[in-house]
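Just below is one structure, and these are the notes that go with it.
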Amino acid sequence: MADKRIKVTLVKSPIGAIPKHKATVAALGLKKLGSSNDLPDNEAIRGMCRQVSHLVKVEEV
């Protein structure tokens with residue numbers, strides 16, 4: 001069985017966000033606006049995406 005993956009894309013700048021959200025975006029591996037990263041689909045990553053849901057777009061790959 002193939003491991004599930006999700007694609008996380010930064011769609012809004014974290015410049016005005018609180019430092020905790022900036023750190024979460026960096027931990028997801030997102031640097032520039034429009035950058036994407038394929039990550040494993042687990043509860044930890046889903047929680048991070050939920051925390052910064054106003055800044056990112058999540059798609060199942």
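Labels for the structure tokens follow display order: chains A, B, ..., residues from 1 in each chain, ligands from 1.
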
| Per-residue DSSP, chain A, filtered to strand (DSSP E), as a ChimeraX atom specification | /A:5-10,36-40,56-60

Would you output that residue set with all heavy atoms, as a compact mmCIF listing (two decimals), in the first residue's frame?
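Final file, again19.txt:
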```
# COMPACT_ATOMS: atom_id res chain seq x y z
N ARG A 5 0.12 10.99 0.79
CA ARG A 5 0.87 12.24 0.80
C ARG A 5 -0.11 13.40 0.60
O ARG A 5 -1.18 13.22 0.02
CB ARG A 5 1.91 12.28 -0.32
CG ARG A 5 2.79 11.07 -0.45
CD ARG A 5 4.04 11.03 0.32
NE ARG A 5 4.93 12.15 0.15
CZ ARG A 5 5.92 12.41 1.00
NH1 ARG A 5 6.11 11.63 2.03
NH2 ARG A 5 6.72 13.41 0.82
N ILE A 6 0.28 14.57 1.09
CA ILE A 6 -0.49 15.78 0.83
C ILE A 6 0.45 16.84 0.28
O ILE A 6 1.64 16.84 0.59
CB ILE A 6 -1.23 16.30 2.09
CG1 ILE A 6 -0.26 16.58 3.23
CG2 ILE A 6 -2.32 15.37 2.51
CD1 ILE A 6 -0.91 17.23 4.43
N LYS A 7 -0.10 17.72 -0.54
CA LYS A 7 0.67 18.83 -1.10
C LYS A 7 0.21 20.10 -0.40
O LYS A 7 -0.97 20.44 -0.44
CB LYS A 7 0.44 18.92 -2.61
CG LYS A 7 1.20 20.02 -3.28
CD LYS A 7 0.93 20.03 -4.77
CE LYS A 7 1.71 21.13 -5.45
NZ LYS A 7 1.42 21.16 -6.90
N VAL A 8 1.15 20.79 0.24
CA VAL A 8 0.85 22.02 0.97
C VAL A 8 1.47 23.19 0.21
O VAL A 8 2.66 23.16 -0.11
CB VAL A 8 1.41 21.95 2.41
CG1 VAL A 8 1.03 23.19 3.18
CG2 VAL A 8 0.93 20.72 3.12
N THR A 9 0.66 24.20 -0.11
CA THR A 9 1.11 25.36 -0.87
C THR A 9 0.87 26.63 -0.07
O THR A 9 -0.21 26.81 0.49
CB THR A 9 0.35 25.45 -2.21
OG1 THR A 9 0.48 24.21 -2.91
CG2 THR A 9 0.88 26.58 -3.07
N LEU A 10 1.88 27.50 -0.01
CA LEU A 10 1.75 28.78 0.68
C LEU A 10 1.04 29.76 -0.25
O LEU A 10 1.55 30.08 -1.32
CB LEU A 10 3.13 29.31 1.08
CG LEU A 10 3.17 30.56 1.94
CD1 LEU A 10 2.50 30.29 3.29
CD2 LEU A 10 4.60 31.01 2.16
N SER A 36 5.53 25.03 -2.75
CA SER A 36 4.78 23.84 -2.35
C SER A 36 5.73 22.80 -1.79
O SER A 36 6.92 22.81 -2.07
CB SER A 36 4.06 23.23 -3.56
OG SER A 36 3.12 24.13 -4.07
N ASN A 37 5.17 21.88 -1.01
CA ASN A 37 5.94 20.79 -0.45
C ASN A 37 5.03 19.58 -0.31
O ASN A 37 3.89 19.71 0.14
CB ASN A 37 6.51 21.20 0.91
CG ASN A 37 7.66 20.34 1.33
OD1 ASN A 37 8.09 19.46 0.61
ND2 ASN A 37 8.17 20.60 2.52
N ASP A 38 5.54 18.41 -0.72
CA ASP A 38 4.80 17.16 -0.53
C ASP A 38 5.21 16.58 0.82
O ASP A 38 6.39 16.36 1.07
CB ASP A 38 5.12 16.16 -1.64
CG ASP A 38 4.45 16.54 -2.95
OD1 ASP A 38 3.50 17.33 -2.91
OD2 ASP A 38 4.87 16.03 -3.99
N LEU A 39 4.23 16.32 1.66
CA LEU A 39 4.49 15.84 3.01
C LEU A 39 3.66 14.60 3.29
O LEU A 39 2.63 14.39 2.65
CB LEU A 39 4.13 16.93 4.03
CG LEU A 39 4.91 18.24 3.89
CD1 LEU A 39 4.22 19.34 4.69
CD2 LEU A 39 6.33 18.06 4.36
N PRO A 40 4.10 13.77 4.24
CA PRO A 40 3.28 12.60 4.59
C PRO A 40 1.97 13.04 5.25
O PRO A 40 1.93 14.05 5.95
CB PRO A 40 4.16 11.83 5.58
CG PRO A 40 5.16 12.81 6.07
CD PRO A 40 5.34 13.82 5.00
N VAL A 56 -2.29 28.63 3.99
CA VAL A 56 -1.90 27.54 3.09
C VAL A 56 -3.11 26.90 2.42
O VAL A 56 -4.25 27.05 2.86
CB VAL A 56 -1.11 26.43 3.82
CG1 VAL A 56 0.17 26.98 4.43
CG2 VAL A 56 -1.95 25.76 4.89
N LYS A 57 -2.82 26.17 1.33
CA LYS A 57 -3.82 25.37 0.63
C LYS A 57 -3.32 23.93 0.68
O LYS A 57 -2.15 23.67 0.41
CB LYS A 57 -3.96 25.83 -0.82
CG LYS A 57 -4.94 25.02 -1.64
CD LYS A 57 -5.14 25.58 -3.04
CE LYS A 57 -3.90 25.29 -3.87
NZ LYS A 57 -4.09 25.57 -5.29
N VAL A 58 -4.18 23.00 1.04
CA VAL A 58 -3.81 21.60 1.19
C VAL A 58 -4.56 20.76 0.16
O VAL A 58 -5.78 20.89 0.03
CB VAL A 58 -4.14 21.09 2.62
CG1 VAL A 58 -3.76 19.63 2.76
CG2 VAL A 58 -3.44 21.94 3.66
N GLU A 59 -3.81 19.91 -0.57
CA GLU A 59 -4.41 19.01 -1.57
C GLU A 59 -3.89 17.62 -1.33
O GLU A 59 -2.72 17.44 -0.97
CB GLU A 59 -4.02 19.42 -2.99
CG GLU A 59 -4.32 20.83 -3.38
CD GLU A 59 -3.68 21.22 -4.69
OE1 GLU A 59 -2.76 20.51 -5.15
OE2 GLU A 59 -4.08 22.23 -5.25
N GLU A 60 -4.72 16.62 -1.55
CA GLU A 60 -4.27 15.24 -1.47
C GLU A 60 -3.63 14.87 -2.81
O GLU A 60 -4.16 15.20 -3.86
CB GLU A 60 -5.44 14.30 -1.16
CG GLU A 60 -5.97 14.51 0.24
CD GLU A 60 -7.02 13.50 0.62
OE1 GLU A 60 -7.18 12.50 -0.10
OE2 GLU A 60 -7.67 13.72 1.64
```

| note | Atom pair atom CA of A:Glu43 + atom CA of A:Pro19, distance 22.1 Å

| said: Quick check, in Å to one decimal: how far apart do atom CA of A:Ala44 and atom CA of A:Thr24 lie? | reply: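 Those two atoms sit 11.3 Å apart.
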
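In this comparison, which uses only C-alpha atoms, the residue of A:Pro14, A:Val61, A:Gly29, A:Lys20 approaching A:Asp41 most closely is A:Val61.
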
| said: Counting only C-alpha atoms, which residue out of A:Ile45, A:Lys32, A:Gln51, A:Ala27 sits closest to A:Ile15? | reply: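 Among the listed residues, A:Lys32 lies closest to A:Ile15.
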
| said: Could you check the closest approach to A:Cys49 for each of A:Val25, A:Ser35, A:Leu30, A:Val11 and tell me which residue wins, using only C-alpha atoms? | reply: A:Val25

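In this structure, atom CA of A:Lys4 sits 29.4 Å away from atom CA of A:Ala17.
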